[in-house]
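One file, protein_2.cif, is given below (mmCIF, C-alpha atoms and all ligand atoms).
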data_start
loop_
_atom_site.label_atom_id
_atom_site.label_comp_id
_atom_site.auth_asym_id
_atom_site.auth_seq_id
_atom_site.Cartn_x
_atom_site.Cartn_y
_atom_site.Cartn_z
CA MET A 133 0.00 0.00 0.00
CA THR A 134 1.57 3.27 -1.13
CA GLU A 135 0.66 6.35 0.90
CA ILE A 136 1.08 9.78 -0.72
CA CYS A 137 1.63 12.62 1.71
CA ARG A 138 2.73 16.23 1.70
CA GLU A 139 5.50 16.14 4.23
CA LYS A 140 9.18 17.01 4.44
CA PRO A 141 11.73 14.23 3.97
CA THR A 142 14.65 13.81 6.32
CA THR A 143 18.07 14.80 5.04
CA ASP A 144 19.03 11.11 5.04
CA THR A 145 16.05 10.17 2.88
CA LEU A 146 16.74 12.91 0.35
CA ALA A 147 20.45 12.02 0.20
CA ARG A 148 19.61 8.34 -0.28
CA LEU A 149 17.25 9.07 -3.19
CA TYR A 150 19.70 11.46 -4.87
CA ARG A 151 22.45 8.85 -4.63
CA ASP A 152 20.17 6.05 -5.82
CA ALA A 153 19.17 8.12 -8.87
CA GLY A 154 22.83 8.80 -9.62
CA TRP A 155 22.23 12.54 -9.45
CA LEU A 156 24.66 13.34 -6.65
CA GLU A 157 27.54 11.19 -5.52
CA ASP A 158 28.09 13.07 -2.31
CA PRO A 159 24.79 14.74 -1.36
CA GLU A 160 25.86 15.21 2.26
CA THR A 161 28.25 17.96 1.12
CA LEU A 162 25.17 20.11 0.38
CA ASP A 163 23.14 21.86 3.06
CA LEU A 164 20.16 19.54 2.54
CA LYS A 165 18.47 20.75 5.73
CA LYS A 166 18.33 24.29 4.30
CA SER A 167 17.16 22.94 0.94
CA ILE A 168 14.35 20.96 2.59
CA GLU A 169 13.23 23.87 4.75
CA ASN A 170 13.12 26.30 1.83
CA THR A 171 11.04 24.13 -0.47
CA SER A 172 7.37 25.10 -0.76
CA VAL A 173 5.85 21.61 -0.77
CA TRP A 174 7.28 18.10 -0.54
CA ILE A 175 5.40 15.08 -1.79
CA LEU A 176 6.44 11.67 -0.49
CA ALA A 177 5.36 8.17 -1.49
CA LYS A 178 5.69 5.95 1.58
CA GLU A 179 5.28 2.25 2.17
CA ALA A 180 5.34 1.09 5.78
CA LYS A 181 6.97 4.46 6.62
CA VAL A 182 9.75 3.91 4.06
CA VAL A 183 10.01 6.58 1.37
CA VAL A 184 10.05 5.05 -2.12
CA GLY A 185 9.42 8.21 -4.13
CA ILE A 186 9.66 11.95 -3.78
CA ALA A 187 9.09 15.27 -5.54
CA ARG A 188 9.28 18.87 -4.56
CA LEU A 189 7.26 21.89 -5.66
CA GLN A 190 8.47 25.47 -5.69
CA THR A 191 5.52 27.82 -5.98
CA ASP A 192 4.21 31.34 -5.32
CA TYR A 193 0.76 29.74 -4.82
CA VAL A 194 -0.70 32.01 -7.54
CA ARG A 195 1.14 32.13 -10.88
CA TYR A 196 3.74 29.39 -10.97
CA CYS A 197 4.56 25.98 -9.64
CA CYS A 198 7.71 24.20 -10.68
CA VAL A 199 8.15 20.46 -10.11
CA TYR A 200 11.67 19.36 -9.21
CA ASP A 201 13.33 16.15 -8.11
CA LEU A 202 10.68 13.60 -9.02
CA ILE A 203 12.62 10.48 -8.07
CA ILE A 204 11.29 6.97 -7.66
CA ARG A 205 13.58 4.48 -5.92
CA SER A 206 15.34 2.51 -8.66
CA ASP A 207 13.90 -0.86 -7.61
CA ARG A 208 10.34 0.49 -7.60
CA ARG A 209 10.02 2.20 -10.98
CA ARG A 210 7.26 1.51 -13.49
CA GLU A 211 4.79 0.57 -10.75
CA GLY A 212 2.74 3.75 -10.93
CA ILE A 213 4.39 5.51 -7.97
CA GLY A 214 5.60 8.42 -10.10
CA ARG A 215 2.09 8.83 -11.46
CA LYS A 216 0.66 8.99 -7.94
CA ILE A 217 3.13 11.70 -6.96
CA MET A 218 2.46 13.69 -10.15
CA ASN A 219 -1.30 13.44 -9.57
CA GLU A 220 -0.75 14.86 -6.08
CA ALA A 221 1.23 17.74 -7.61
CA LEU A 222 -1.61 18.40 -10.05
CA ALA A 223 -4.12 18.26 -7.18
CA PHE A 224 -2.06 20.75 -5.19
CA CYS A 225 -2.10 23.21 -8.10
CA GLU A 226 -5.83 22.78 -8.67
CA GLU A 227 -6.59 23.31 -4.97
CA ASN A 228 -4.52 26.48 -4.94
CA ARG A 229 -5.58 27.58 -8.41
CA VAL A 230 -1.98 28.02 -9.43
CA GLN A 231 -2.05 29.12 -13.04
CA VAL A 232 0.93 27.35 -14.59
CA MET A 233 3.10 24.33 -13.82
CA HIS A 234 6.61 23.95 -15.18
CA LEU A 235 9.15 21.20 -15.05
CA TRP A 236 12.47 20.29 -16.57
CA PRO A 237 12.53 16.64 -17.67
CA THR A 238 15.70 14.62 -17.46
CA LYS A 239 17.02 13.12 -20.69
CA GLY A 240 14.59 10.55 -22.13
CA ASN A 241 11.76 11.44 -19.77
CA ALA A 242 9.96 14.29 -21.58
CA GLY A 243 7.44 11.77 -22.96
CA TYR A 244 6.56 10.68 -19.42
CA TYR A 245 5.00 14.03 -18.63
CA THR A 246 2.65 14.28 -21.63
CA GLN A 247 0.21 11.90 -19.86
CA PHE A 248 -0.23 14.62 -17.22
CA GLY A 249 -0.90 17.32 -19.82
CA PHE A 250 2.59 18.84 -20.05
CA GLN A 251 3.86 20.00 -23.44
CA ALA A 252 7.31 21.06 -24.60
CA LEU A 253 7.34 24.79 -25.23
CA GLY A 254 9.26 24.34 -28.47
CA PRO A 255 12.75 25.02 -29.81
CA ASP A 256 12.30 28.78 -29.64
CA GLN A 257 11.59 28.51 -25.90
CA PRO A 258 14.27 26.13 -24.60
CA THR A 259 14.97 25.50 -20.95
CA MET A 260 17.96 27.63 -19.98
CA MET A 261 20.32 27.22 -17.08
CA LYS A 262 23.45 28.71 -15.59
CA ALA A 263 25.39 27.11 -12.81
CA THR A 264 26.61 29.53 -10.14
CA PRO A 265 30.32 29.24 -9.32
CA GLN A 266 30.74 27.53 -5.96
CA PRO A 267 33.50 28.17 -3.44
CA THR A 268 35.95 25.25 -3.28
C1 LIG B 301 10.81 9.03 -14.58
C2 LIG B 301 10.24 8.41 -13.30
C3 LIG B 301 9.96 9.52 -12.31
C4 LIG B 301 8.92 7.71 -13.68
O1 LIG B 301 8.31 7.23 -12.50
P1 LIG B 301 7.73 5.73 -12.43
O2 LIG B 301 7.09 5.54 -11.12
O3 LIG B 301 8.85 4.79 -12.79
O4 LIG B 301 6.69 5.72 -13.61
P2 LIG B 301 5.15 5.29 -13.52
O5 LIG B 301 5.09 3.88 -13.02
O6 LIG B 301 4.39 6.32 -12.82
O7 LIG B 301 4.77 5.29 -15.07
C5 LIG B 301 3.47 5.60 -15.47
C6 LIG B 301 3.36 5.36 -16.95
O8 LIG B 301 4.37 6.12 -17.63
C7 LIG B 301 5.16 5.27 -18.44
N1 LIG B 301 6.54 5.75 -18.39
C8 LIG B 301 7.43 5.57 -17.42
N2 LIG B 301 8.60 6.18 -17.74
C9 LIG B 301 8.43 6.74 -18.97
C10 LIG B 301 9.25 7.50 -19.83
N3 LIG B 301 10.52 7.82 -19.52
N4 LIG B 301 8.72 7.94 -21.00
C11 LIG B 301 7.45 7.66 -21.35
N5 LIG B 301 6.60 6.92 -20.55
C12 LIG B 301 7.10 6.47 -19.38
C13 LIG B 301 5.03 3.90 -17.81
O9 LIG B 301 5.27 2.89 -18.75
C14 LIG B 301 3.61 3.91 -17.33
O10 LIG B 301 2.73 3.62 -18.41
P3 LIG B 301 1.56 2.53 -18.24
O11 LIG B 301 0.62 3.05 -17.19
O12 LIG B 301 0.96 2.48 -19.61
O13 LIG B 301 2.25 1.27 -17.81
C15 LIG B 301 11.20 7.35 -12.70
O14 LIG B 301 11.56 6.44 -13.68
C16 LIG B 301 12.48 7.92 -12.07
O15 LIG B 301 12.51 8.19 -10.86
N6 LIG B 301 13.55 8.08 -12.87
C17 LIG B 301 14.86 8.52 -12.34
C18 LIG B 301 14.84 9.96 -11.88
C19 LIG B 301 14.37 10.88 -12.99
O16 LIG B 301 14.98 11.00 -14.05
N7 LIG B 301 13.27 11.60 -12.71
C20 LIG B 301 12.63 12.49 -13.65
C21 LIG B 301 13.03 13.88 -13.33
S1 LIG B 301 12.40 15.01 -14.54
#

Is it possible to give me this structure as structure tokens?
Amino acid sequence: MTEICREKPTTDTLARLYRDAGWLEDPETLDLKKSIENTSVWILAKEAKVVVGIARLQTDYVRYCCVYDLIIRSDRRREGIGRKIMNEALAFCEENRVQVMHLWPTKGNAGYYTQFGFQALGPDQPTMMKATPQPT
């Protein structure tokens, strides 16, 4: 039984999921506590209190909501857990009447989001990024 809840993860849980996804080799070097505290909404998928999936929303509760870090534990993918988390994100935006949702799919996963109504903006509106130099 998978329970979907809007609740903050622990730093250990977030680090474990980042490492499992291969996104960060050394997540403990980041201030994950600060990152967790400053996120608008966390969505967790839990089974017997163990977190098997996660996503975070950054939102102004009016205009925009951006979905980040949708990660399903690698041994539990393709079982509908990601869909449950995305449906919770959609429900959050409907409840709050947030006008627009955005997300930035990882390579090969853009097609995943069309089932939830997301569309690519097109080549003339690419996602843009700039990494900020970090102190060593
Ligand atoms: C991408 C990810 C979040 C999908 O979550 P998931 O729980 O494995 O997927 P679901 O079980 O909810 O899939 C629901 C449906 O989408 C389909 N689907 C899954 N991944 C897909 C993909 N990359 N492209 C298109 N369809 C996909 C499934 O086949 C399923 O279809 P079905 O109902 O007809 O069987 C998960 O694979 C993951 O955590 N990947 C690693 C981290 C990552 O890259 N996250 C995305 C960040 S943008």

Open item on the list: For Phe224 of chain A, find every residue with an atom within 10 Å (counting all atoms listed in the file), except residues of its own chain fewer than 2 positions away, and show them as a list in words.
Closed with: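 The neighbour list is Arg138, Val173, Ile175, Leu189, Tyr193, Cys197, Met218, Asn219, Glu220, Ala221, Leu222, Glu226, Glu227, Asn228, Arg229 and Val230 of chain A.
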
Task: Test item: residues at most 7 Å from Glu135 of chain A, only C-alpha atoms, excluding those fewer than 3 positions along its chain, as a PyMOL selection string - done: chain A and resi 177-179

- [ ] Could you jot down the atom CA of Asp144 of chain A to atom CA of Thr264 of chain A separation for me, Å, one decimal place?
- [x]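 That distance, rounded to one decimal, is 25.0 Å.
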
Task: Surrounding residues as a ChimeraX atom specification, ligand LIG 301 (chain B), max 8 Å, all atoms listed in the file - done: /A:153,185,200-206,208-216,235-245,247

TODO: Find, counting all atoms listed in the file, the residue in A:Ala180, A:Met233, A:Val199, A:Ala147 that gets nearest to Lys165 of chain A.
DONE: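 For Lys165 of chain A, the nearest of the candidates is A:Ala147.
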
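Of note, atom CA of Arg148 of chain A and atom CA of Leu176 of chain A are spaced 13.6 Å apart.
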
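Each of A:His234, A:Ile217, A:Phe250, A:Leu164 was checked against Gln190 of chain A using all atoms listed in the file; the smallest atom-to-atom distance is that of A:His234.
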
Open item on the list: I'd like to know which of A:Ala263, A:Cys198, A:Leu156, A:Leu253 is closest to Thr171 of chain A, using only C-alpha atoms.
Closed with: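 Nearest to Thr171 of chain A: A:Cys198.
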
Open item on the list: If I take atom CA of Pro159 of chain A and atom CA of Tyr196 of chain A, how far is one from the other in Å, to one decimal?
Closed with: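 Atom CA of Pro159 of chain A sits 27.4 Å away from atom CA of Tyr196 of chain A.
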
TODO: Have a look at A:Val182, A:Asp207, A:Cys225, A:Leu162 and name the one nearest to Gln266 of chain A; count all atoms listed in the file.
DONE: A:Leu162
